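S.K.: Following this line is model07.csv, made up of CSV, C-alpha atoms and all ligand atoms:
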```csv
chain,number,residue,atom,x,y,z
D,1,MET,CA,29.9,10.4,59.1
D,2,SER,CA,29.7,11.7,55.5
D,3,LEU,CA,27.8,9.8,52.9
D,4,ALA,CA,29.3,8.3,49.8
D,5,VAL,CA,25.8,7.6,48.3
D,6,LYS,CA,22.3,8.5,49.4
D,7,PHE,CA,19.3,6.7,47.8
D,8,ASP,CA,16.1,8.6,48.6
D,9,ASN,CA,12.8,7.0,47.7
D,10,VAL,CA,14.0,5.8,44.2
D,11,VAL,CA,11.2,4.5,42.0
D,12,LYS,CA,11.7,2.9,38.6
D,13,ASN,CA,8.9,1.3,36.5
D,14,TYR,CA,9.3,-0.8,33.4
D,15,PRO,CA,6.2,-1.6,31.3
D,16,ASN,CA,5.6,-4.9,33.0
D,17,VAL,CA,7.3,-4.5,36.4
D,18,GLN,CA,8.0,-2.0,39.1
D,19,ALA,CA,11.7,-2.6,39.4
D,20,LEU,CA,12.3,-0.2,42.3
D,21,LYS,CA,9.4,0.6,44.6
D,22,GLY,CA,10.8,3.5,46.6
D,23,VAL,CA,14.3,2.5,47.7
D,24,SER,CA,16.0,4.6,50.4
D,25,PHE,CA,19.3,3.9,52.2
D,26,ASP,CA,22.7,5.4,52.7
D,27,VAL,CA,26.2,4.1,52.1
D,28,GLU,CA,28.7,5.8,54.4
D,29,GLU,CA,32.0,7.0,53.1
D,30,GLY,CA,34.6,4.3,53.5
D,31,ALA,CA,32.2,1.4,53.8
D,32,PHE,CA,32.6,-1.9,52.1
D,33,PHE,CA,28.9,-2.3,51.3
D,34,GLY,CA,27.1,-5.4,49.9
D,35,LEU,CA,24.0,-4.9,47.8
D,36,LEU,CA,22.4,-8.4,47.8
D,37,GLY,CA,19.1,-9.8,46.5
D,38,PRO,CA,17.7,-12.6,44.4
D,39,ASN,CA,17.6,-12.3,40.6
D,40,GLY,CA,15.2,-9.6,39.5
D,41,ALA,CA,15.4,-7.8,42.9
D,42,GLY,CA,16.4,-4.5,41.3
D,43,LYS,CA,20.1,-4.4,42.1
D,44,SER,CA,21.3,-3.6,38.6
D,45,THR,CA,18.6,-1.1,38.0
D,46,LEU,CA,19.6,0.7,41.2
D,47,ILE,CA,23.3,0.6,40.3
D,48,ASN,CA,22.6,1.8,36.8
D,49,ALA,CA,20.4,4.6,38.2
D,50,MET,CA,23.3,5.7,40.4
D,51,SER,CA,25.7,5.6,37.5
D,52,GLY,CA,23.5,7.6,35.2
D,53,LEU,CA,22.8,4.7,32.8
D,54,VAL,CA,19.1,4.5,33.8
D,55,LEU,CA,16.9,7.4,34.7
D,56,ALA,CA,14.7,6.9,37.8
D,57,ASP,CA,11.1,7.9,37.5
D,58,SER,CA,11.1,9.6,40.9
D,59,GLY,CA,13.3,10.0,44.0
D,60,GLN,CA,16.8,11.1,44.2
D,61,ILE,CA,20.3,9.6,44.3
D,62,LYS,CA,23.3,11.6,45.5
D,63,VAL,CA,26.9,10.6,45.2
D,64,GLN,CA,29.2,12.5,47.6
D,65,GLY,CA,26.4,15.0,48.1
D,66,PHE,CA,25.9,15.6,44.3
D,67,ASP,CA,22.7,14.7,42.4
D,68,VAL,CA,23.4,12.0,39.8
D,69,VAL,CA,21.1,13.7,37.3
D,70,SER,CA,21.8,17.4,37.6
D,71,ASP,CA,25.5,17.0,38.6
D,72,TYR,CA,26.2,14.0,36.3
D,73,ARG,CA,29.7,15.0,35.4
D,74,THR,CA,30.8,15.3,39.1
D,75,THR,CA,29.1,12.1,40.2
D,76,ARG,CA,30.4,10.2,37.1
D,77,ARG,CA,33.9,11.2,38.2
D,78,ALA,CA,33.4,10.1,41.7
D,79,LEU,CA,32.2,6.6,40.6
D,80,GLY,CA,34.1,3.7,39.1
D,81,LEU,CA,31.6,1.2,37.8
D,82,VAL,CA,32.8,-2.3,36.9
D,83,PRO,CA,30.0,-3.6,34.7
D,84,GLN,CA,29.3,-7.2,34.1
D,85,GLU,CA,30.4,-7.4,30.5
D,86,LEU,CA,33.0,-5.8,28.2
D,87,ILE,CA,31.9,-4.5,24.9
D,88,ALA,CA,35.1,-5.5,23.1
D,89,ASP,CA,36.6,-2.8,20.9
D,90,PRO,CA,38.8,-4.5,18.4
D,91,PHE,CA,40.6,-1.3,17.3
D,92,PHE,CA,42.3,-0.6,20.6
D,93,THR,CA,44.9,-2.3,22.8
D,94,ILE,CA,44.4,-2.5,26.5
D,95,ARG,CA,46.8,0.3,27.2
D,96,GLU,CA,45.2,2.5,24.6
D,97,LEU,CA,41.8,1.8,26.1
D,98,LEU,CA,43.1,2.9,29.5
D,99,GLU,CA,44.7,6.0,28.0
D,100,LEU,CA,41.5,6.9,26.2
D,101,GLN,CA,39.5,6.4,29.4
D,102,SER,CA,42.0,8.6,31.2
D,103,GLY,CA,41.6,11.3,28.6
D,104,TYR,CA,37.9,11.2,29.1
D,105,PHE,CA,38.5,12.4,32.6
D,106,GLY,CA,41.2,14.8,31.5
D,107,LEU,CA,44.0,12.8,33.2
D,108,LYS,CA,47.4,12.6,31.5
D,109,GLY,CA,51.1,12.9,32.2
D,110,GLN,CA,53.6,10.7,34.0
D,111,VAL,CA,51.6,10.2,37.2
D,112,GLN,CA,48.7,8.9,35.2
D,113,ARG,CA,51.0,6.6,33.1
D,114,ASN,CA,52.4,5.2,36.3
D,115,TRP,CA,49.0,4.5,37.6
D,116,ILE,CA,48.0,2.7,34.4
D,117,ASP,CA,51.2,0.6,34.7
D,118,GLU,CA,50.3,-0.2,38.3
D,119,LEU,CA,46.8,-1.2,37.3
D,120,LEU,CA,48.1,-3.4,34.5
D,121,GLN,CA,50.6,-5.0,36.9
D,122,ARG,CA,48.2,-5.5,39.8
D,123,LEU,CA,45.6,-7.0,37.5
D,124,ALA,CA,48.1,-9.3,35.8
D,125,LEU,CA,47.6,-7.6,32.4
D,126,SER,CA,51.1,-6.2,31.9
D,127,GLU,CA,52.1,-8.8,29.4
D,128,LYS,CA,48.9,-8.2,27.4
D,129,ALA,CA,49.1,-4.4,27.5
D,130,GLY,CA,49.7,-4.3,23.7
D,131,ALA,CA,47.0,-6.9,22.8
D,132,ASN,CA,43.7,-6.0,21.2
D,133,THR,CA,40.7,-6.6,23.4
D,134,ASN,CA,39.2,-9.2,21.0
D,135,GLU,CA,42.3,-11.4,21.6
D,136,LEU,CA,41.6,-11.7,25.3
D,137,SER,CA,40.0,-14.5,27.3
D,138,GLY,CA,36.9,-13.9,29.3
D,139,GLY,CA,38.9,-13.5,32.6
D,140,MET,CA,41.2,-11.0,31.0
D,141,LYS,CA,38.3,-8.9,29.7
D,142,ARG,CA,37.0,-8.8,33.2
D,143,ARG,CA,40.3,-7.5,34.4
D,144,VAL,CA,40.3,-4.9,31.7
D,145,LEU,CA,36.9,-3.7,32.9
D,146,ILE,CA,38.2,-3.4,36.4
D,147,ALA,CA,41.2,-1.4,35.2
D,148,MET,CA,39.0,0.9,33.2
D,149,ALA,CA,36.7,1.5,36.1
D,150,LEU,CA,39.7,2.4,38.3
D,151,VAL,CA,41.7,4.5,35.9
D,152,HIS,CA,40.5,7.8,37.3
D,153,LYS,CA,40.9,6.6,41.0
D,154,PRO,CA,37.2,7.0,41.8
D,155,ARG,CA,36.2,7.6,45.4
D,156,VAL,CA,33.4,5.1,45.1
D,157,ILE,CA,34.1,1.8,43.4
D,158,VAL,CA,31.0,-0.2,42.3
D,159,LEU,CA,31.5,-3.8,41.4
D,160,ASP,CA,28.5,-5.5,39.8
D,161,GLU,CA,28.8,-9.3,40.2
D,162,PRO,CA,32.6,-9.1,39.7
D,163,THR,CA,33.3,-12.7,40.3
D,164,ALA,CA,30.6,-14.4,38.4
D,165,GLY,CA,32.2,-17.1,36.3
D,166,VAL,CA,35.7,-16.1,37.4
D,167,ASP,CA,38.4,-18.6,38.4
D,168,VAL,CA,39.8,-18.8,41.9
D,169,ASP,CA,43.1,-17.0,41.1
D,170,LEU,CA,41.4,-14.0,39.6
D,171,ARG,CA,39.0,-13.8,42.5
D,172,ARG,CA,41.8,-13.7,44.9
D,173,THR,CA,43.7,-11.1,42.8
D,174,LEU,CA,40.5,-9.0,42.6
D,175,TRP,CA,39.7,-9.2,46.3
D,176,ASP,CA,43.2,-8.4,47.4
D,177,PHE,CA,43.3,-5.4,45.2
D,178,THR,CA,39.8,-4.2,46.2
D,179,LYS,CA,40.6,-4.7,49.9
D,180,GLU,CA,43.7,-2.6,49.5
D,181,LEU,CA,41.8,0.2,47.7
D,182,HIS,CA,39.2,0.0,50.5
D,183,GLN,CA,42.0,0.4,53.1
D,184,GLN,CA,43.2,3.4,51.3
D,185,GLY,CA,39.8,5.0,51.9
D,186,HIS,CA,37.8,4.2,48.9
D,187,THR,CA,34.1,3.2,49.4
D,188,VAL,CA,33.3,-0.1,47.8
D,189,ILE,CA,29.8,-1.2,46.7
D,190,LEU,CA,29.5,-4.8,45.7
D,191,THR,CA,26.6,-6.8,44.3
D,192,THR,CA,27.2,-10.5,44.4
D,193,HIS,CA,25.5,-13.9,44.3
D,194,TYR,CA,28.3,-15.3,46.4
D,195,LEU,CA,27.1,-14.7,49.9
D,196,GLU,CA,30.2,-16.2,51.4
D,197,GLU,CA,32.1,-13.5,49.7
D,198,ALA,CA,29.8,-10.8,50.9
D,199,GLU,CA,29.9,-12.1,54.5
D,200,ALA,CA,33.7,-12.1,54.4
D,201,LEU,CA,34.2,-8.7,52.8
D,202,CYS,CA,31.3,-6.4,53.5
D,203,ASP,CA,30.9,-4.5,56.8
D,204,LYS,CA,27.4,-3.6,55.9
D,205,VAL,CA,24.8,-5.2,53.7
D,206,ALA,CA,21.4,-4.3,52.2
D,207,ILE,CA,19.1,-7.0,51.0
D,208,LEU,CA,16.9,-5.9,48.1
D,209,ASN,CA,13.8,-8.0,47.2
D,210,LYS,CA,11.2,-7.2,44.6
D,211,GLY,CA,12.3,-3.6,44.4
D,212,GLN,CA,12.3,-2.9,48.1
D,213,VAL,CA,14.9,-2.9,50.9
D,214,GLN,CA,14.1,-5.9,53.0
D,215,ALA,CA,16.9,-5.6,55.5
D,216,ILE,CA,19.9,-3.3,56.0
D,217,ASP,CA,22.4,-3.6,58.8
D,218,ASP,CA,26.0,-4.2,59.8
D,219,THR,CA,26.8,-7.7,58.6
D,220,GLN,CA,27.5,-9.0,62.0
D,221,ALA,CA,24.3,-7.4,63.5
D,222,LEU,CA,22.2,-9.0,60.7
D,223,LEU,CA,23.8,-12.4,61.5
D,224,SER,CA,23.2,-12.1,65.2
D,225,LYS,CA,19.6,-11.0,64.8
D,226,HIS,CA,18.8,-14.2,63.0
D,227,PRO,CA,16.5,-16.3,65.2
D,228,TYR,CA,18.2,-19.6,64.6
D,229,ARG,CA,21.4,-21.4,65.4
D,230,TYR,CA,22.6,-24.5,63.6
D,231,LEU,CA,23.6,-27.8,65.1
D,232,LYS,CA,25.7,-30.1,63.1
D,233,VAL,CA,25.3,-33.6,64.5
D,234,LYS,CA,27.4,-36.6,63.4
D,235,VAL,CA,25.7,-40.0,64.1
D,236,ALA,CA,26.7,-43.6,63.9
D,237,ASN,CA,23.3,-44.7,62.6
D,238,PRO,CA,22.2,-42.2,59.9
D,239,GLU,CA,19.5,-44.7,58.8
D,240,ALA,CA,17.5,-44.2,62.1
D,241,SER,CA,14.2,-42.4,61.5
D,242,LEU,CA,13.7,-39.1,63.3
D,243,VAL,CA,10.7,-38.2,65.5
D,244,GLY,CA,8.3,-35.7,63.9
D,245,PRO,CA,9.4,-32.5,65.7
D,246,LEU,CA,13.1,-33.2,65.0
D,247,GLN,CA,12.4,-33.9,61.3
D,248,LYS,CA,11.0,-30.3,61.1
D,249,LEU,CA,14.4,-28.9,62.2
D,250,VAL,CA,16.4,-30.7,59.5
D,251,VAL,CA,18.0,-28.2,57.1
D,252,ASP,CA,20.6,-30.5,55.7
D,253,LYS,CA,21.0,-34.3,55.6
D,254,GLU,CA,24.6,-35.5,55.2
D,255,PRO,CA,25.9,-39.1,54.8
D,256,SER,CA,27.1,-39.0,58.4
D,257,GLY,CA,24.4,-37.0,60.0
D,258,TYR,CA,22.3,-33.9,60.0
D,259,VAL,CA,22.3,-30.1,60.3
D,260,PHE,CA,19.4,-29.0,62.5
D,261,GLN,CA,18.0,-25.4,62.7
D,262,VAL,CA,17.2,-24.6,66.3
D,263,ASP,CA,15.4,-21.5,67.6
D,264,LYS,CA,17.9,-19.5,69.6
D,265,ASN,CA,15.3,-18.9,72.3
D,266,SER,CA,14.4,-22.5,72.8
D,267,SER,CA,16.6,-24.7,74.9
D,268,MET,CA,19.0,-27.1,73.3
D,269,THR,CA,17.8,-29.7,75.8
D,270,GLN,CA,14.6,-30.2,73.8
D,271,ALA,CA,16.5,-30.9,70.6
D,272,MET,CA,18.8,-33.3,72.5
D,273,ALA,CA,15.7,-35.1,73.9
D,274,TRP,CA,14.3,-35.6,70.4
D,275,MET,CA,17.6,-37.0,69.2
D,276,GLU,CA,17.5,-39.5,72.1
D,277,GLN,CA,13.9,-40.4,71.3
D,278,SER,CA,14.8,-41.0,67.7
D,279,GLY,CA,17.5,-43.4,68.9
D,280,LEU,CA,20.3,-41.4,67.3
D,281,GLU,CA,23.8,-42.5,68.3
D,282,VAL,CA,25.4,-39.1,68.4
D,283,VAL,CA,29.2,-39.2,67.7
D,284,ASP,CA,29.8,-35.4,67.6
D,285,VAL,CA,27.9,-32.2,67.9
D,286,SER,CA,29.0,-28.7,66.9
D,287,SER,CA,26.9,-25.5,66.9
D,288,ARG,CA,27.3,-22.3,65.0
D,289,ASP,CA,25.5,-19.0,64.2
D,290,ALA,CA,23.8,-18.5,60.9
D,291,THR,CA,25.7,-17.7,57.7
D,292,LEU,CA,24.7,-14.8,55.6
D,293,GLU,CA,23.4,-17.3,53.1
D,294,GLU,CA,21.0,-18.7,55.6
D,295,VAL,CA,19.9,-15.3,56.8
D,296,PHE,CA,19.4,-14.3,53.2
D,297,LEU,CA,17.3,-17.4,52.3
D,298,ASP,CA,15.2,-17.0,55.4
D,299,LEU,CA,14.4,-13.3,54.7
D,300,THR,CA,13.8,-13.7,50.9
D,301,SER,CA,11.9,-17.0,51.0
D,302,ALA,CA,9.6,-15.7,53.9
D,303,GLU,CA,8.6,-12.9,51.5
D,304,VAL,CA,7.9,-15.4,48.7
D,305,SER,CA,5.7,-17.7,50.9
D,306,ALA,CA,3.8,-14.6,52.3
D,307,ASP,CA,2.8,-13.8,48.7
D,308,VAL,CA,1.3,-17.2,48.0
J,1,LIG,P1,18.7,-7.7,39.6
J,1,LIG,O1,19.9,-6.9,39.2
J,1,LIG,O2,18.5,-7.7,41.1
J,1,LIG,O3,18.7,-9.1,39.1
J,1,LIG,P2,17.3,-6.0,37.8
J,1,LIG,O4,17.5,-4.6,38.3
J,1,LIG,O5,18.1,-6.5,36.6
J,1,LIG,O6,17.4,-7.0,39.0
J,1,LIG,O7,15.8,-6.2,37.3
J,1,LIG,C1,14.7,-5.8,38.2
J,1,LIG,C2,13.4,-6.0,37.4
J,1,LIG,O8,13.3,-5.1,36.3
J,1,LIG,C3,13.3,-7.4,36.8
J,1,LIG,O9,11.9,-7.8,36.8
J,1,LIG,C4,13.7,-7.1,35.3
J,1,LIG,O10,13.1,-8.1,34.4
J,1,LIG,C5,13.2,-5.7,35.1
J,1,LIG,N1,14.0,-5.0,34.1
J,1,LIG,C6,15.3,-4.6,34.3
J,1,LIG,N2,15.7,-3.9,33.2
J,1,LIG,C7,14.7,-3.8,32.4
J,1,LIG,C8,14.4,-3.2,31.1
J,1,LIG,N3,15.4,-2.5,30.5
J,1,LIG,N4,13.2,-3.3,30.5
J,1,LIG,C9,12.2,-4.0,31.1
J,1,LIG,N5,12.3,-4.6,32.3
J,1,LIG,C10,13.5,-4.5,32.9
```
As a first step, turn the structure in this file into structure tokens.
Ligand code: ADP
M.R.:
Amino acid sequence: MSLAVKFDNVVKNYPNVQALKGVSFDVEEGAFFGLLGPNGAGKSTLINAMSGLVLADSGQIKVQGFDVVSDYRTTRRALGLVPQELIADPFFTIRELLELQSGYFGLKGQVQRNWIDELLQRLALSEKAGANTNELSGGMKRRVLIAMALVHKPRVIVLDEPTAGVDVDLRRTLWDFTKELHQQGHTVILTTHYLEEAEALCDKVAILNKGQVQAIDDTQALLSKHPYRYLKVKVANPEASLVGPLQKLVVDKEPSGYVFQVDKNSSMTQAMAWMEQSGLEVVDVSSRDATLEEVFLDLTSAEVSADV
């Protein structure tokens, strides 16, 4: 399997913090890859180092086999980075911006104009193609950023928090389009705080924490390695007090019951017995595997408590 991106022992120090402490992992060609981690984990630093916006202190990053420092022009062409914010340029219309960006990559002619039209249409920007960027709403600016990142049909599309503060409609538009590009063979790398989104979209995820890779795996494998299952229990008497060991399993208390976290290796009978001892009148029980959010919290908060 060929690699879209290879991170090899990447280190980046800032005066007060070691943002990346030797990060190594691969993103395979054609993957839909999630780069996750709490605030300050180093995600943006890593993505910026890959895109040539930040220079790593040591280590190496290769995009499609080319070094991002010594072969910058080649790797820049292979990457389409959707940054978090648009620096509005009041002098250009959306179409002009896209044409300028095309020119930067030496792309012109009818085929390119057709692609710009398609981008405008798919991102619901056609009506605003002649508008200056300072006339746009926040959501439209986002879409312009996406269009700009895709204008040269990059092999590797990098989306940095693309749906932060974005409404439901735009999210759906964005994901439909991204999924389509992925199906056409583009590699997609996504950072997001929305773990539900990452779980639904990404076939593989890396969890970065404090500048280090804490976990990297196929999304489904990561979920199934999690040591707990979750029992959602609806009760007729939510005011009943729980026996000590059962209290320790509560991860959520709802008006009509509880969610308990149960060790996969222990028997359910024990939890059931504690429910009985607590006098719970159980109306309904359902059990499920962990969500990515639960796995993420478990991994990243374990690290925090180990530091205390
Ligand atoms: P994330 O994207 O995961 O939230 P960042 O990569 O933005 O994390 O930041 C990682 C760490 O590096 C944080 O502690 C942040 O404060 C620090 N950092 C990021 N950029 C700079 C910078 N330009 N100067 C100093 N410190 C920085």
S.K.: Excluding region 8-14 of chain D and its own-chain neighbours fewer than 3 positions away, which residues fall within 6 Å of it when counting all atoms listed in the file? Please give them as JSON, numbers by chain.
M.R.: {"D": [17, 18, 19, 20, 21, 22, 23, 24, 56, 57, 58, 59, 60]}
S.K.: If you count only C-alpha atoms and all ligand atoms, which residues end up within 10 Å of ligand LIG 1 (chain J), as a ChimeraX atom specification?
M.R.: /D:12-20,35-49,54,160-161,191-193,207-211
S.K.: Smallest atom-to-atom distance to Thr178 (chain D): which of D:Met275, D:Leu195, D:Ile157, D:Leu98, using all atoms listed in the file?
M.R.: D:Ile157
S.K.: How many Å separate CA of Glu199 (chain D) from CA of Glu293 (chain D)?
M.R.: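 For CA of Glu199 (chain D) relative to CA of Glu293 (chain D), the distance reads 8.4 Å.
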S.K.: My list of candidates is D:Ile146, D:Leu170, D:Val151, D:Ala4. Which is closest to Leu107 (chain D) when distances are computed with all atoms listed in the file?
M.R.: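 Of D:Ile146, D:Leu170, D:Val151, D:Ala4, the one nearest Leu107 (chain D) is D:Val151, counting all atoms listed in the file.
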S.K.: Find the residue from D:Val111, D:Cys202, D:Val282, D:Leu181 that sits nearest to Leu231 (chain D); use only C-alpha atoms when measuring.
M.R.: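 Of D:Val111, D:Cys202, D:Val282, D:Leu181, the one nearest Leu231 (chain D) is D:Val282, counting only C-alpha atoms.
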S.K.: To one decimal place in Å, what is the distance between CA of Pro154 (chain D) and CA of Asp169 (chain D)?
M.R.: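 So the two atoms, CA of Pro154 (chain D) and CA of Asp169 (chain D), lie 24.7 Å apart.
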S.K.: Show which residues sit within 10 Å of region 276-281 of chain D, as a VMD selection string. Count only C-alpha atoms, and ignore same-chain residues fewer than 5 positions away.
M.R.: chain D and resid 233 to 244 246 to 247 257 270 to 271
S.K.: Could you work out how far CA of Gln212 (chain D) lies from CA of Ser301 (chain D), giving the answer in Å with one decimal?
M.R.: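 Going from CA of Ser301 (chain D) over to CA of Gln212 (chain D), I get 14.4 Å.
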S.K.: May I have the residues within 8 Å of Gly34 (chain D) as an mmCIF file with C-alpha atoms, in the frame of the given file, using all atoms listed in the file and disregarding those fewer than 6 positions away in the same chain?
M.R.:
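Generated output (out-v6.cif):
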```cif
data_model
loop_
_atom_site.group_PDB
_atom_site.id
_atom_site.type_symbol
_atom_site.label_atom_id
_atom_site.label_comp_id
_atom_site.auth_asym_id
_atom_site.auth_seq_id
_atom_site.Cartn_x
_atom_site.Cartn_y
_atom_site.Cartn_z
ATOM 1 C CA ILE D 189 29.800 -1.200 46.700
ATOM 2 C CA LEU D 190 29.500 -4.800 45.700
ATOM 3 C CA THR D 191 26.600 -6.800 44.300
ATOM 4 C CA THR D 192 27.200 -10.500 44.400
ATOM 5 C CA ALA D 198 29.800 -10.800 50.900
ATOM 6 C CA CYS D 202 31.300 -6.400 53.500
ATOM 7 C CA ASP D 203 30.900 -4.500 56.800
ATOM 8 C CA LYS D 204 27.400 -3.600 55.900
ATOM 9 C CA VAL D 205 24.800 -5.200 53.700
ATOM 10 C CA ALA D 206 21.400 -4.300 52.200
#
```
S.K.: Pick the closest to Pro83 (chain D) from D:Ala131, D:Val168, D:Leu125, D:Met148: which is it, counting all atoms listed in the file?
M.R.: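 Of the candidates, the smallest distance to Pro83 (chain D) is held by D:Met148.
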S.K.: Which is closer to Leu201 (chain D) than all the others in D:Ile61, D:Leu292, D:Val156, D:Ala273, using only C-alpha atoms?
M.R.: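 Using only C-alpha atoms, Leu201 (chain D) sits closest to D:Leu292.
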S.K.: So, with all atoms listed in the file as the atoms that count, which of D:Ala31, D:Ala149, D:Val188, D:Val259 lies closest to Val285 (chain D)?
M.R.: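 When distances to Val285 (chain D) are compared using all atoms listed in the file, the smallest one comes from D:Val259.
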S.K.: Add whatever atoms are absent from region 180-187 of chain D to reach all heavy atoms, and provide the output as a PDB file, in the frame of the given file.
M.R.:
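The file below, result12.pdb, is the result:
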```pdb
ATOM      1  N   GLU D 180      42.678  -3.596  49.326  1.00  0.00           N
ATOM      2  CA  GLU D 180      43.700  -2.600  49.500  1.00  0.00           C
ATOM      3  C   GLU D 180      43.157  -1.178  49.165  1.00  0.00           C
ATOM      4  O   GLU D 180      43.412  -0.221  49.902  1.00  0.00           O
ATOM      5  CB  GLU D 180      44.834  -2.917  48.488  1.00  0.00           C
ATOM      6  CG  GLU D 180      46.160  -2.353  48.868  1.00  0.00           C
ATOM      7  CD  GLU D 180      47.199  -2.801  47.853  1.00  0.00           C
ATOM      8  OE1 GLU D 180      47.409  -4.012  47.700  1.00  0.00           O
ATOM      9  OE2 GLU D 180      47.786  -1.911  47.197  1.00  0.00           O
ATOM     10  N   LEU D 181      42.363  -1.086  48.097  1.00  0.00           N
ATOM     11  CA  LEU D 181      41.800   0.200  47.700  1.00  0.00           C
ATOM     12  C   LEU D 181      40.819   0.670  48.862  1.00  0.00           C
ATOM     13  O   LEU D 181      40.757   1.847  49.210  1.00  0.00           O
ATOM     14  CB  LEU D 181      41.017   0.095  46.414  1.00  0.00           C
ATOM     15  CG  LEU D 181      41.920  -0.100  45.196  1.00  0.00           C
ATOM     16  CD1 LEU D 181      41.118  -0.586  43.993  1.00  0.00           C
ATOM     17  CD2 LEU D 181      42.647   1.197  44.852  1.00  0.00           C
ATOM     18  N   HIS D 182      40.103  -0.290  49.433  1.00  0.00           N
ATOM     19  CA  HIS D 182      39.200   0.000  50.500  1.00  0.00           C
ATOM     20  C   HIS D 182      40.000   0.562  51.735  1.00  0.00           C
ATOM     21  O   HIS D 182      39.627   1.558  52.354  1.00  0.00           O
ATOM     22  CB  HIS D 182      38.391  -1.204  50.916  1.00  0.00           C
ATOM     23  CG  HIS D 182      37.502  -0.997  52.089  1.00  0.00           C
ATOM     24  ND1 HIS D 182      37.635  -1.693  53.264  1.00  0.00           N
ATOM     25  CD2 HIS D 182      36.500  -0.126  52.286  1.00  0.00           C
ATOM     26  CE1 HIS D 182      36.738  -1.266  54.121  1.00  0.00           C
ATOM     27  NE2 HIS D 182      36.034  -0.330  53.562  1.00  0.00           N
ATOM     28  N   GLN D 183      41.122  -0.093  52.015  1.00  0.00           N
ATOM     29  CA  GLN D 183      42.000   0.400  53.100  1.00  0.00           C
ATOM     30  C   GLN D 183      42.520   1.760  52.899  1.00  0.00           C
ATOM     31  O   GLN D 183      42.753   2.503  53.837  1.00  0.00           O
ATOM     32  CB  GLN D 183      43.111  -0.619  53.379  1.00  0.00           C
ATOM     33  CG  GLN D 183      42.695  -1.730  54.317  1.00  0.00           C
ATOM     34  CD  GLN D 183      43.565  -2.963  54.160  1.00  0.00           C
ATOM     35  OE1 GLN D 183      44.641  -2.897  53.568  1.00  0.00           O
ATOM     36  NE2 GLN D 183      43.097  -4.084  54.686  1.00  0.00           N
ATOM     37  N   GLN D 184      42.695   2.086  51.632  1.00  0.00           N
ATOM     38  CA  GLN D 184      43.200   3.400  51.300  1.00  0.00           C
ATOM     39  C   GLN D 184      42.094   4.492  51.404  1.00  0.00           C
ATOM     40  O   GLN D 184      42.320   5.662  51.128  1.00  0.00           O
ATOM     41  CB  GLN D 184      43.785   3.462  49.907  1.00  0.00           C
ATOM     42  CG  GLN D 184      45.114   2.737  49.804  1.00  0.00           C
ATOM     43  CD  GLN D 184      45.520   2.511  48.351  1.00  0.00           C
ATOM     44  OE1 GLN D 184      44.931   3.074  47.433  1.00  0.00           O
ATOM     45  NE2 GLN D 184      46.513   1.670  48.135  1.00  0.00           N
ATOM     46  N   GLY D 185      40.867   4.049  51.712  1.00  0.00           N
ATOM     47  CA  GLY D 185      39.800   5.000  51.900  1.00  0.00           C
ATOM     48  C   GLY D 185      38.695   5.033  50.898  1.00  0.00           C
ATOM     49  O   GLY D 185      37.741   5.785  51.019  1.00  0.00           O
ATOM     50  N   HIS D 186      38.824   4.209  49.862  1.00  0.00           N
ATOM     51  CA  HIS D 186      37.800   4.200  48.900  1.00  0.00           C
ATOM     52  C   HIS D 186      36.532   3.466  49.416  1.00  0.00           C
ATOM     53  O   HIS D 186      36.663   2.502  50.183  1.00  0.00           O
ATOM     54  CB  HIS D 186      38.223   3.422  47.605  1.00  0.00           C
ATOM     55  CG  HIS D 186      39.319   4.101  46.857  1.00  0.00           C
ATOM     56  ND1 HIS D 186      39.100   4.913  45.773  1.00  0.00           N
ATOM     57  CD2 HIS D 186      40.662   4.102  47.058  1.00  0.00           C
ATOM     58  CE1 HIS D 186      40.250   5.390  45.330  1.00  0.00           C
ATOM     59  NE2 HIS D 186      41.216   4.906  46.092  1.00  0.00           N
ATOM     60  N   THR D 187      35.369   3.946  49.020  1.00  0.00           N
ATOM     61  CA  THR D 187      34.100   3.200  49.400  1.00  0.00           C
ATOM     62  C   THR D 187      33.928   2.154  48.299  1.00  0.00           C
ATOM     63  O   THR D 187      34.160   2.400  47.113  1.00  0.00           O
ATOM     64  CB  THR D 187      32.938   4.227  49.290  1.00  0.00           C
ATOM     65  OG1 THR D 187      33.230   5.332  50.133  1.00  0.00           O
ATOM     66  CG2 THR D 187      31.639   3.565  49.711  1.00  0.00           C
TER      67      THR D 187
END
```
